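Have a look at the structure below, then the notes.
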Amino acid sequence: MLIPLLIAVHVVTILLWIGGVAFVTIIIFPLIQRMGSSFDAVMLFQGVEHRFARHARMYVAVAGITGFLLLFLMGLQRLLFTKEGIGITLMLIAWAFYLLVLLFEKRIFSKVFGNPEKFETKQVFRALGAFHWFVLGLSLLAVFAGVWQGHGGGF
Ligand code: HEM
């Protein structure tokens with residue numbers, strides 16, 4: 001009972017987390033990029049990201065705890081960084097990447113938006129949009145490979 005329960009909690013957490021990343025990437029970013037005023041764009045971006053970051057911290061914690069418990073309870077740790085363990089390896093890489101971004105979030109924001117007279121808003125949002133697509137792609141790849149391998153698919 002414990003393993004199915006952990007998988008269910010893990011997957012629901014991933015749904016909320018990556019669903020949120022997808023919403024910001026696919027809906028909010030194009031909206032921000034189409035805004036006329038750069039001040040409004042920066043305010044909307046910071047409002048959305050600050051609010052989502054609070055949720056994301058909880059998702060990273062729950063996904064990490066349930067993920068590591070599953071890894072050891074199912075004895076899958078020996079598959080990490082092997083062909084048979086591509087799914088869980090990608091999960092771990094995606095999770096570690098988000099953890100780093102969240103840990104250094106304040107420093108990244110102050111670098112990107114700290115000197116308003118020095119940056120070109122459109123260029124910054126184009127780069128941030130591309131970064132979100134990269135993170136979303138990595139996450140979806142982890143979901144795809146995890147489900148594929150978890151249900152008998154081979155690589
Ligand atoms: C510390 C990080 C993580 C660890 C150690 C971890 C580990 C695991 C393990 C051991 C399973 C069960 C695999 C199986 O049934 O064969 C699992 C399931 C799953 N994980 Fe993770 N995970 C982590 C983070 C993530 C992340 C970041 C994502 C998505 C971006 C993700 C998506 C999934 C999905 C979709 C499943 C269900 C697969 C199925 O259909 O059975 N996990 N995870």
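As shown in the structure tokens, the chain order sets the letters A, B, ...; within each chain, residues go from 1, and ligands are also counted from 1 in the order they appear.
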Exercise. Pick out the residues sitting within 10 Å of Gly67 in chain A, and hand them over as a PyMOL selection string; count only C-alpha atoms, and ignore anything fewer than 5 positions along from it in its own chain.
Key: chain A and resi 6-7+9-11+61-62+72-73+88+91-92+95
Exercise. Write out as a list in words the residues lying within 8 Å of Ile32 in chain A, counting only C-alpha atoms and excluding same-chain residues fewer than 4 positions away.
Key: Ile28, Ala41, Leu44, Phe45 and Phe125 of chain A
Exercise. Could you give me the residues within 8 Å of ligand 1, counting only C-alpha atoms and all ligand atoms, as number ranges by chain?
Key: A: 7, 10-11, 14, 18, 60, 63-72, 74, 76-77, 87-96, 138-144, 146-151
Just to be explicit: take each residue in the selection above, keep N, CA and C atoms, and write the result as a compact mmCIF listing (two decimals), in the first residue's frame.
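Heads up, here's the output in part_5.txt:
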```
# COMPACT_ATOMS: atom_id res chain seq x y z
N ILE A 7 3.53 6.80 -4.94
CA ILE A 7 3.51 7.13 -6.39
C ILE A 7 2.37 8.11 -6.66
N HIS A 10 3.32 11.49 -5.35
CA HIS A 10 4.40 11.98 -6.21
C HIS A 10 3.81 12.53 -7.53
N VAL A 11 2.93 11.76 -8.16
CA VAL A 11 2.41 12.17 -9.48
C VAL A 11 1.47 13.38 -9.35
N ILE A 14 3.65 16.34 -9.01
CA ILE A 14 4.27 16.67 -10.31
C ILE A 14 3.26 17.37 -11.22
N ILE A 18 4.48 20.84 -12.59
CA ILE A 18 4.83 21.02 -14.00
C ILE A 18 3.66 21.67 -14.75
N VAL A 60 8.70 20.96 -4.83
CA VAL A 60 10.05 20.38 -4.91
C VAL A 60 10.32 19.51 -3.67
N ALA A 63 7.92 16.31 -3.91
CA ALA A 63 8.37 15.42 -5.00
C ALA A 63 9.70 14.77 -4.64
N GLY A 64 10.59 15.54 -4.00
CA GLY A 64 11.90 15.01 -3.60
C GLY A 64 11.75 13.93 -2.54
N ILE A 65 10.96 14.21 -1.50
CA ILE A 65 10.80 13.22 -0.41
C ILE A 65 10.14 11.94 -0.94
N THR A 66 9.03 12.09 -1.68
CA THR A 66 8.35 10.89 -2.19
C THR A 66 9.23 10.17 -3.22
N GLY A 67 9.94 10.96 -4.06
CA GLY A 67 10.81 10.37 -5.08
C GLY A 67 11.93 9.54 -4.47
N PHE A 68 12.62 10.13 -3.46
CA PHE A 68 13.72 9.39 -2.84
C PHE A 68 13.22 8.16 -2.08
N LEU A 69 12.06 8.31 -1.41
CA LEU A 69 11.49 7.14 -0.71
C LEU A 69 11.20 6.02 -1.70
N LEU A 70 10.58 6.40 -2.84
CA LEU A 70 10.26 5.39 -3.86
C LEU A 70 11.53 4.73 -4.39
N LEU A 71 12.53 5.58 -4.64
CA LEU A 71 13.79 5.09 -5.20
C LEU A 71 14.38 3.98 -4.33
N PHE A 72 14.40 4.21 -3.01
CA PHE A 72 15.03 3.23 -2.12
C PHE A 72 14.09 2.09 -1.76
N MET A 74 11.81 0.86 -3.65
CA MET A 74 11.67 -0.02 -4.81
C MET A 74 13.02 -0.59 -5.25
N LEU A 76 15.49 0.96 -6.68
CA LEU A 76 15.83 1.40 -8.04
C LEU A 76 17.11 2.23 -8.11
N GLN A 77 17.70 2.51 -6.94
CA GLN A 77 18.87 3.41 -6.93
C GLN A 77 20.02 2.89 -7.78
N GLY A 87 14.52 7.15 -17.06
CA GLY A 87 13.36 7.87 -16.50
C GLY A 87 13.69 8.50 -15.16
N ILE A 88 14.14 7.67 -14.21
CA ILE A 88 14.43 8.21 -12.87
C ILE A 88 15.64 9.15 -12.88
N THR A 89 16.59 8.89 -13.79
CA THR A 89 17.76 9.78 -13.87
C THR A 89 17.32 11.17 -14.35
N LEU A 90 16.44 11.21 -15.37
CA LEU A 90 15.95 12.50 -15.85
C LEU A 90 15.15 13.22 -14.77
N MET A 91 14.38 12.43 -13.97
CA MET A 91 13.61 13.04 -12.87
C MET A 91 14.55 13.72 -11.88
N LEU A 92 15.61 13.00 -11.54
CA LEU A 92 16.58 13.52 -10.57
C LEU A 92 17.26 14.78 -11.11
N ILE A 93 17.63 14.76 -12.40
CA ILE A 93 18.30 15.92 -13.01
C ILE A 93 17.35 17.13 -13.01
N ALA A 94 16.09 16.89 -13.44
CA ALA A 94 15.11 17.98 -13.48
C ALA A 94 14.90 18.54 -12.08
N TRP A 95 14.75 17.65 -11.11
CA TRP A 95 14.51 18.06 -9.72
C TRP A 95 15.69 18.89 -9.19
N ALA A 96 16.93 18.43 -9.44
CA ALA A 96 18.12 19.13 -8.94
C ALA A 96 18.23 20.52 -9.60
N LEU A 138 12.56 19.74 -20.41
CA LEU A 138 13.28 18.77 -19.57
C LEU A 138 12.29 18.04 -18.65
N SER A 139 11.36 18.78 -18.07
CA SER A 139 10.37 18.19 -17.15
C SER A 139 9.47 17.20 -17.90
N LEU A 140 9.01 17.61 -19.09
CA LEU A 140 8.10 16.73 -19.84
C LEU A 140 8.83 15.47 -20.31
N LEU A 141 10.10 15.65 -20.62
CA LEU A 141 10.92 14.49 -21.01
C LEU A 141 11.02 13.51 -19.83
N ALA A 142 11.21 14.06 -18.62
CA ALA A 142 11.29 13.22 -17.41
C ALA A 142 9.97 12.50 -17.18
N VAL A 143 8.83 13.20 -17.37
CA VAL A 143 7.51 12.57 -17.20
C VAL A 143 7.34 11.45 -18.24
N PHE A 144 7.66 11.79 -19.50
CA PHE A 144 7.49 10.80 -20.58
C PHE A 144 8.33 9.55 -20.31
N GLY A 146 9.72 8.57 -17.51
CA GLY A 146 9.33 7.91 -16.26
C GLY A 146 8.12 7.01 -16.45
N VAL A 147 7.09 7.53 -17.13
CA VAL A 147 5.87 6.74 -17.37
C VAL A 147 6.19 5.58 -18.32
N TRP A 148 6.96 5.88 -19.36
CA TRP A 148 7.33 4.86 -20.37
C TRP A 148 8.04 3.68 -19.69
N GLN A 149 9.07 3.98 -18.92
CA GLN A 149 9.84 2.90 -18.29
C GLN A 149 9.08 2.26 -17.13
N GLY A 150 8.25 3.04 -16.45
CA GLY A 150 7.50 2.51 -15.31
C GLY A 150 6.43 1.51 -15.74
N HIS A 151 6.11 1.51 -17.05
CA HIS A 151 5.04 0.63 -17.55
C HIS A 151 5.55 -0.31 -18.62
```
Distance query Phe23 in chain A at most 12 Å, only C-alpha atoms, self and fewer than 6 positions along chain excluded, as a PDB file with C-alpha atoms, in the first residue's frame:
```pdb
ATOM      1  CA  LEU A  15       0.944  17.490 -11.990  1.00  0.00           C
ATOM      2  CA  LEU A  16       0.512  20.703  -9.953  1.00  0.00           C
ATOM      3  CA  TRP A  17       4.166  21.661 -10.302  1.00  0.00           C
ATOM      4  CA  PHE A  29       5.052  34.577 -21.201  1.00  0.00           C
ATOM      5  CA  PRO A  30       3.443  35.348 -24.570  1.00  0.00           C
ATOM      6  CA  LEU A  31       1.070  37.691 -22.689  1.00  0.00           C
ATOM      7  CA  VAL A  48       3.504  35.591 -11.062  1.00  0.00           C
ATOM      8  CA  GLU A  49       6.995  34.205 -10.421  1.00  0.00           C
ATOM      9  CA  PHE A  52       4.538  30.491  -8.049  1.00  0.00           C
ATOM     10  CA  HIS A 132      11.194  28.406 -19.330  1.00  0.00           C
ATOM     11  CA  TRP A 133      10.767  26.359 -22.519  1.00  0.00           C
ATOM     12  CA  LEU A 136       9.454  22.671 -19.329  1.00  0.00           C
TER      13      LEU A 136
END
```
Can you list every residue in chain A that DSSP puts in alpha helix (DSSP H), as a tab-separated table (two decimals) with N, CA and C atoms, in the first residue's frame?
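See out-v1.tsv below for the written result:
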```
chain	number	residue	atom	x	y	z
A	2	LEU	N	2.05	1.19	0.66
A	2	LEU	CA	2.85	2.41	0.80
A	2	LEU	C	3.36	2.89	-0.56
A	3	ILE	N	3.83	1.94	-1.39
A	3	ILE	CA	4.41	2.34	-2.68
A	3	ILE	C	3.36	2.98	-3.61
A	4	PRO	N	2.18	2.33	-3.80
A	4	PRO	CA	1.17	3.00	-4.64
A	4	PRO	C	0.76	4.36	-4.09
A	5	LEU	N	0.70	4.49	-2.75
A	5	LEU	CA	0.34	5.78	-2.14
A	5	LEU	C	1.41	6.83	-2.44
A	6	LEU	N	2.68	6.42	-2.31
A	6	LEU	CA	3.78	7.37	-2.58
A	6	LEU	C	3.78	7.78	-4.05
A	7	ILE	N	3.53	6.80	-4.94
A	7	ILE	CA	3.51	7.13	-6.39
A	7	ILE	C	2.37	8.11	-6.66
A	8	ALA	N	1.20	7.86	-6.05
A	8	ALA	CA	0.05	8.74	-6.28
A	8	ALA	C	0.35	10.16	-5.80
A	9	VAL	N	0.92	10.30	-4.59
A	9	VAL	CA	1.25	11.64	-4.06
A	9	VAL	C	2.31	12.29	-4.95
A	10	HIS	N	3.32	11.49	-5.35
A	10	HIS	CA	4.40	11.98	-6.21
A	10	HIS	C	3.81	12.53	-7.53
A	11	VAL	N	2.93	11.76	-8.16
A	11	VAL	CA	2.41	12.17	-9.48
A	11	VAL	C	1.47	13.38	-9.35
A	12	VAL	N	0.65	13.42	-8.30
A	12	VAL	CA	-0.25	14.59	-8.13
A	12	VAL	C	0.59	15.86	-7.92
A	13	THR	N	1.67	15.72	-7.14
A	13	THR	CA	2.56	16.87	-6.91
A	13	THR	C	3.19	17.33	-8.23
A	14	ILE	N	3.65	16.34	-9.01
A	14	ILE	CA	4.27	16.67	-10.31
A	14	ILE	C	3.26	17.37	-11.22
A	15	LEU	N	2.01	16.91	-11.16
A	15	LEU	CA	0.94	17.49	-11.99
A	15	LEU	C	0.78	18.98	-11.67
A	16	LEU	N	0.69	19.30	-10.36
A	16	LEU	CA	0.51	20.70	-9.95
A	16	LEU	C	1.74	21.54	-10.33
A	17	TRP	N	2.90	20.95	-10.10
A	17	TRP	CA	4.17	21.66	-10.30
A	17	TRP	C	4.42	21.93	-11.79
A	18	ILE	N	4.48	20.84	-12.59
A	18	ILE	CA	4.83	21.02	-14.00
A	18	ILE	C	3.66	21.67	-14.75
A	19	GLY	N	2.44	21.43	-14.28
A	19	GLY	CA	1.28	22.12	-14.87
A	19	GLY	C	1.44	23.63	-14.70
A	20	GLY	N	1.90	24.05	-13.52
A	20	GLY	CA	2.14	25.48	-13.26
A	20	GLY	C	3.23	26.03	-14.15
A	21	VAL	N	4.29	25.27	-14.32
A	21	VAL	CA	5.40	25.71	-15.19
A	21	VAL	C	4.88	25.85	-16.63
A	22	ALA	N	4.06	24.89	-17.05
A	22	ALA	CA	3.51	24.92	-18.42
A	22	ALA	C	2.61	26.14	-18.60
A	23	PHE	N	1.81	26.46	-17.59
A	23	PHE	CA	0.90	27.62	-17.68
A	23	PHE	C	1.70	28.92	-17.82
A	29	PHE	N	3.93	33.95	-20.49
A	29	PHE	CA	5.05	34.58	-21.20
A	29	PHE	C	4.65	35.29	-22.49
A	30	PRO	N	3.87	34.63	-23.36
A	30	PRO	CA	3.44	35.35	-24.57
A	30	PRO	C	2.64	36.61	-24.23
A	31	LEU	N	1.85	36.53	-23.13
A	31	LEU	CA	1.07	37.69	-22.69
A	31	LEU	C	2.01	38.83	-22.28
A	32	ILE	N	3.03	38.50	-21.51
A	32	ILE	CA	4.00	39.51	-21.05
A	32	ILE	C	4.73	40.11	-22.25
A	33	GLN	N	5.10	39.23	-23.20
A	33	GLN	CA	5.89	39.73	-24.34
A	33	GLN	C	5.08	40.65	-25.25
A	38	SER	N	6.91	48.31	-20.40
A	38	SER	CA	7.87	47.38	-19.79
A	38	SER	C	7.71	47.34	-18.28
A	39	PHE	N	7.25	48.46	-17.69
A	39	PHE	CA	7.05	48.46	-16.23
A	39	PHE	C	5.95	47.46	-15.87
A	40	ASP	N	4.82	47.51	-16.60
A	40	ASP	CA	3.71	46.58	-16.33
A	40	ASP	C	4.17	45.13	-16.54
A	41	ALA	N	4.98	44.93	-17.61
A	41	ALA	CA	5.46	43.57	-17.91
A	41	ALA	C	6.30	43.03	-16.77
A	42	VAL	N	7.23	43.85	-16.26
A	42	VAL	CA	8.11	43.41	-15.17
A	42	VAL	C	7.27	43.14	-13.91
A	43	MET	N	6.30	44.03	-13.63
A	43	MET	CA	5.46	43.84	-12.44
A	43	MET	C	4.66	42.54	-12.53
A	44	LEU	N	4.07	42.28	-13.71
A	44	LEU	CA	3.28	41.05	-13.87
A	44	LEU	C	4.18	39.83	-13.72
A	45	PHE	N	5.35	39.88	-14.38
A	45	PHE	CA	6.28	38.74	-14.31
A	45	PHE	C	6.70	38.47	-12.87
A	46	GLN	N	7.10	39.52	-12.16
A	46	GLN	CA	7.58	39.32	-10.79
A	46	GLN	C	6.46	38.83	-9.88
A	47	GLY	N	5.24	39.36	-10.09
A	47	GLY	CA	4.08	38.92	-9.28
A	47	GLY	C	3.83	37.44	-9.48
A	48	VAL	N	3.79	37.00	-10.75
A	48	VAL	CA	3.50	35.59	-11.06
A	48	VAL	C	4.61	34.70	-10.52
A	49	GLU	N	5.88	35.07	-10.81
A	49	GLU	CA	6.99	34.20	-10.42
A	49	GLU	C	7.15	34.11	-8.90
A	50	HIS	N	6.98	35.25	-8.20
A	50	HIS	CA	7.11	35.22	-6.74
A	50	HIS	C	6.06	34.33	-6.12
A	51	ARG	N	4.82	34.43	-6.65
A	51	ARG	CA	3.73	33.65	-6.10
A	51	ARG	C	3.94	32.16	-6.40
A	52	PHE	N	4.35	31.89	-7.66
A	52	PHE	CA	4.54	30.49	-8.05
A	52	PHE	C	5.73	29.88	-7.32
A	53	ALA	N	6.76	30.67	-7.07
A	53	ALA	CA	7.97	30.15	-6.41
A	53	ALA	C	7.62	29.60	-5.02
A	54	ARG	N	6.68	30.27	-4.32
A	54	ARG	CA	6.28	29.80	-2.98
A	54	ARG	C	5.68	28.41	-3.08
A	55	HIS	N	4.82	28.20	-4.10
A	55	HIS	CA	4.20	26.88	-4.31
A	55	HIS	C	5.26	25.88	-4.75
A	56	ALA	N	6.13	26.34	-5.68
A	56	ALA	CA	7.13	25.43	-6.25
A	56	ALA	C	8.04	24.86	-5.17
A	57	ARG	N	8.36	25.68	-4.14
A	57	ARG	CA	9.22	25.18	-3.05
A	57	ARG	C	8.59	23.97	-2.38
A	58	MET	N	7.26	24.06	-2.17
A	58	MET	CA	6.57	22.94	-1.53
A	58	MET	C	6.55	21.71	-2.47
A	59	TYR	N	6.32	21.96	-3.76
A	59	TYR	CA	6.27	20.84	-4.72
A	59	TYR	C	7.63	20.15	-4.81
A	60	VAL	N	8.70	20.96	-4.83
A	60	VAL	CA	10.05	20.38	-4.91
A	60	VAL	C	10.32	19.51	-3.67
A	61	ALA	N	9.88	19.99	-2.51
A	61	ALA	CA	10.10	19.24	-1.27
A	61	ALA	C	9.31	17.92	-1.30
A	62	VAL	N	8.01	17.99	-1.64
A	62	VAL	CA	7.18	16.77	-1.62
A	62	VAL	C	7.64	15.79	-2.71
A	63	ALA	N	7.92	16.31	-3.91
A	63	ALA	CA	8.37	15.42	-5.00
A	63	ALA	C	9.70	14.77	-4.64
A	64	GLY	N	10.59	15.54	-4.00
A	64	GLY	CA	11.90	15.01	-3.60
A	64	GLY	C	11.75	13.93	-2.54
A	65	ILE	N	10.96	14.21	-1.50
A	65	ILE	CA	10.80	13.22	-0.41
A	65	ILE	C	10.14	11.94	-0.94
A	66	THR	N	9.03	12.09	-1.68
A	66	THR	CA	8.35	10.89	-2.19
A	66	THR	C	9.23	10.17	-3.22
A	67	GLY	N	9.94	10.96	-4.06
A	67	GLY	CA	10.81	10.37	-5.08
A	67	GLY	C	11.93	9.54	-4.47
A	68	PHE	N	12.62	10.13	-3.46
A	68	PHE	CA	13.72	9.39	-2.84
A	68	PHE	C	13.22	8.16	-2.08
A	69	LEU	N	12.06	8.31	-1.41
A	69	LEU	CA	11.49	7.14	-0.71
A	69	LEU	C	11.20	6.02	-1.70
A	70	LEU	N	10.58	6.40	-2.84
A	70	LEU	CA	10.26	5.39	-3.86
A	70	LEU	C	11.53	4.73	-4.39
A	71	LEU	N	12.53	5.58	-4.64
A	71	LEU	CA	13.79	5.09	-5.20
A	71	LEU	C	14.38	3.98	-4.33
A	72	PHE	N	14.40	4.21	-3.01
A	72	PHE	CA	15.03	3.23	-2.12
A	72	PHE	C	14.09	2.09	-1.76
A	73	LEU	N	12.79	2.38	-1.57
A	73	LEU	CA	11.85	1.31	-1.24
A	73	LEU	C	11.71	0.32	-2.40
A	86	ILE	N	16.83	5.58	-17.30
A	86	ILE	CA	16.81	6.92	-17.91
A	86	ILE	C	15.69	7.77	-17.27
A	87	GLY	N	14.52	7.15	-17.06
A	87	GLY	CA	13.36	7.87	-16.50
A	87	GLY	C	13.69	8.50	-15.16
A	88	ILE	N	14.14	7.67	-14.21
A	88	ILE	CA	14.43	8.21	-12.87
A	88	ILE	C	15.64	9.15	-12.88
A	89	THR	N	16.59	8.89	-13.79
A	89	THR	CA	17.76	9.78	-13.87
A	89	THR	C	17.32	11.17	-14.35
A	90	LEU	N	16.44	11.21	-15.37
A	90	LEU	CA	15.95	12.50	-15.85
A	90	LEU	C	15.15	13.22	-14.77
A	91	MET	N	14.38	12.43	-13.97
A	91	MET	CA	13.61	13.04	-12.87
A	91	MET	C	14.55	13.72	-11.88
A	92	LEU	N	15.61	13.00	-11.54
A	92	LEU	CA	16.58	13.52	-10.57
A	92	LEU	C	17.26	14.78	-11.11
A	93	ILE	N	17.63	14.76	-12.40
A	93	ILE	CA	18.30	15.92	-13.01
A	93	ILE	C	17.35	17.13	-13.01
A	94	ALA	N	16.09	16.89	-13.44
A	94	ALA	CA	15.11	17.98	-13.48
A	94	ALA	C	14.90	18.54	-12.08
A	95	TRP	N	14.75	17.65	-11.11
A	95	TRP	CA	14.51	18.06	-9.72
A	95	TRP	C	15.69	18.89	-9.19
A	96	ALA	N	16.93	18.43	-9.44
A	96	ALA	CA	18.12	19.13	-8.94
A	96	ALA	C	18.23	20.52	-9.60
A	97	PHE	N	17.84	20.58	-10.88
A	97	PHE	CA	17.90	21.85	-11.61
A	97	PHE	C	16.95	22.88	-10.98
A	98	TYR	N	15.69	22.44	-10.72
A	98	TYR	CA	14.72	23.33	-10.08
A	98	TYR	C	15.19	23.75	-8.69
A	99	LEU	N	15.76	22.80	-7.96
A	99	LEU	CA	16.23	23.09	-6.61
A	99	LEU	C	17.28	24.21	-6.66
A	100	LEU	N	18.21	24.11	-7.61
A	100	LEU	CA	19.26	25.13	-7.74
A	100	LEU	C	18.65	26.50	-8.07
A	101	VAL	N	17.69	26.49	-9.04
A	101	VAL	CA	17.07	27.76	-9.43
A	101	VAL	C	16.35	28.38	-8.23
A	102	LEU	N	15.62	27.56	-7.46
A	102	LEU	CA	14.87	28.09	-6.32
A	102	LEU	C	15.82	28.58	-5.21
A	103	LEU	N	16.93	27.87	-5.03
A	103	LEU	CA	17.89	28.27	-3.98
A	103	LEU	C	18.53	29.61	-4.31
A	105	GLU	N	17.22	31.87	-6.44
A	105	GLU	CA	16.20	32.70	-7.08
A	105	GLU	C	16.43	34.20	-6.84
A	106	LYS	N	16.67	34.56	-5.58
A	106	LYS	CA	16.82	36.00	-5.23
A	106	LYS	C	18.01	36.60	-5.98
A	107	ARG	N	19.12	35.83	-6.00
A	107	ARG	CA	20.34	36.34	-6.65
A	107	ARG	C	20.10	36.49	-8.17
A	108	ILE	N	19.38	35.48	-8.75
A	108	ILE	CA	19.12	35.53	-10.21
A	108	ILE	C	18.25	36.75	-10.53
A	109	PHE	N	17.17	36.95	-9.72
A	109	PHE	CA	16.27	38.08	-9.97
A	109	PHE	C	16.99	39.41	-9.85
A	110	SER	N	17.85	39.53	-8.81
A	110	SER	CA	18.50	40.83	-8.64
A	110	SER	C	19.51	41.07	-9.76
A	111	LYS	N	20.08	39.99	-10.33
A	111	LYS	CA	21.01	40.14	-11.47
A	111	LYS	C	20.23	40.58	-12.71
A	112	VAL	N	19.06	39.92	-12.92
A	112	VAL	CA	18.29	40.18	-14.14
A	112	VAL	C	17.61	41.55	-14.08
A	113	PHE	N	17.00	41.88	-12.92
A	113	PHE	CA	16.19	43.10	-12.85
A	113	PHE	C	16.78	44.18	-11.96
A	121	THR	N	14.13	45.32	-21.93
A	121	THR	CA	13.07	44.45	-21.41
A	121	THR	C	12.71	43.31	-22.37
A	122	LYS	N	12.54	43.66	-23.65
A	122	LYS	CA	12.11	42.64	-24.62
A	122	LYS	C	13.12	41.50	-24.71
A	123	GLN	N	14.39	41.87	-24.72
A	123	GLN	CA	15.46	40.87	-24.83
A	123	GLN	C	15.49	39.97	-23.59
A	124	VAL	N	15.33	40.58	-22.41
A	124	VAL	CA	15.34	39.82	-21.16
A	124	VAL	C	14.19	38.82	-21.14
A	125	PHE	N	13.00	39.28	-21.55
A	125	PHE	CA	11.85	38.37	-21.53
A	125	PHE	C	11.96	37.28	-22.60
A	126	ARG	N	12.62	37.60	-23.72
A	126	ARG	CA	12.84	36.57	-24.74
A	126	ARG	C	13.74	35.47	-24.15
A	127	ALA	N	14.81	35.91	-23.47
A	127	ALA	CA	15.74	34.95	-22.87
A	127	ALA	C	15.05	34.14	-21.76
A	128	LEU	N	14.25	34.84	-20.93
A	128	LEU	CA	13.54	34.14	-19.84
A	128	LEU	C	12.51	33.15	-20.40
A	129	GLY	N	11.87	33.55	-21.51
A	129	GLY	CA	10.89	32.66	-22.15
A	129	GLY	C	11.59	31.40	-22.66
A	130	ALA	N	12.75	31.58	-23.29
A	130	ALA	CA	13.51	30.42	-23.82
A	130	ALA	C	13.94	29.52	-22.66
A	131	PHE	N	14.35	30.14	-21.55
A	131	PHE	CA	14.76	29.36	-20.37
A	131	PHE	C	13.57	28.53	-19.84
A	132	HIS	N	12.39	29.14	-19.80
A	132	HIS	CA	11.19	28.41	-19.33
A	132	HIS	C	10.86	27.24	-20.26
A	133	TRP	N	11.02	27.46	-21.58
A	133	TRP	CA	10.77	26.36	-22.52
A	133	TRP	C	11.74	25.21	-22.30
A	134	PHE	N	13.01	25.57	-22.01
A	134	PHE	CA	14.02	24.54	-21.76
A	134	PHE	C	13.65	23.71	-20.52
A	135	VAL	N	13.28	24.41	-19.44
A	135	VAL	CA	12.94	23.72	-18.18
A	135	VAL	C	11.68	22.87	-18.37
A	136	LEU	N	10.69	23.42	-19.09
A	136	LEU	CA	9.45	22.67	-19.33
A	136	LEU	C	9.75	21.43	-20.17
A	137	GLY	N	10.59	21.59	-21.21
A	137	GLY	CA	10.95	20.45	-22.06
A	137	GLY	C	11.63	19.35	-21.27
A	138	LEU	N	12.56	19.74	-20.41
A	138	LEU	CA	13.28	18.77	-19.57
A	138	LEU	C	12.29	18.04	-18.65
A	139	SER	N	11.36	18.78	-18.07
A	139	SER	CA	10.37	18.19	-17.15
A	139	SER	C	9.47	17.20	-17.90
A	140	LEU	N	9.01	17.61	-19.09
A	140	LEU	CA	8.10	16.73	-19.84
A	140	LEU	C	8.83	15.47	-20.31
A	141	LEU	N	10.10	15.65	-20.62
A	141	LEU	CA	10.92	14.49	-21.01
A	141	LEU	C	11.02	13.51	-19.83
A	142	ALA	N	11.21	14.06	-18.62
A	142	ALA	CA	11.29	13.22	-17.41
A	142	ALA	C	9.97	12.50	-17.18
A	143	VAL	N	8.83	13.20	-17.37
A	143	VAL	CA	7.51	12.57	-17.20
A	143	VAL	C	7.34	11.45	-18.24
A	144	PHE	N	7.66	11.79	-19.50
A	144	PHE	CA	7.49	10.80	-20.58
A	144	PHE	C	8.33	9.55	-20.31
A	145	ALA	N	9.62	9.78	-20.04
A	145	ALA	CA	10.53	8.64	-19.84
A	145	ALA	C	10.15	7.87	-18.58
A	146	GLY	N	9.72	8.57	-17.51
A	146	GLY	CA	9.33	7.91	-16.26
A	146	GLY	C	8.12	7.01	-16.45
A	147	VAL	N	7.09	7.53	-17.13
A	147	VAL	CA	5.87	6.74	-17.37
A	147	VAL	C	6.19	5.58	-18.32
A	148	TRP	N	6.96	5.88	-19.36
A	148	TRP	CA	7.33	4.86	-20.37
A	148	TRP	C	8.04	3.68	-19.69
A	149	GLN	N	9.07	3.98	-18.92
A	149	GLN	CA	9.84	2.90	-18.29
A	149	GLN	C	9.08	2.26	-17.13
A	150	GLY	N	8.25	3.04	-16.45
A	150	GLY	CA	7.50	2.51	-15.31
A	150	GLY	C	6.43	1.51	-15.74
```
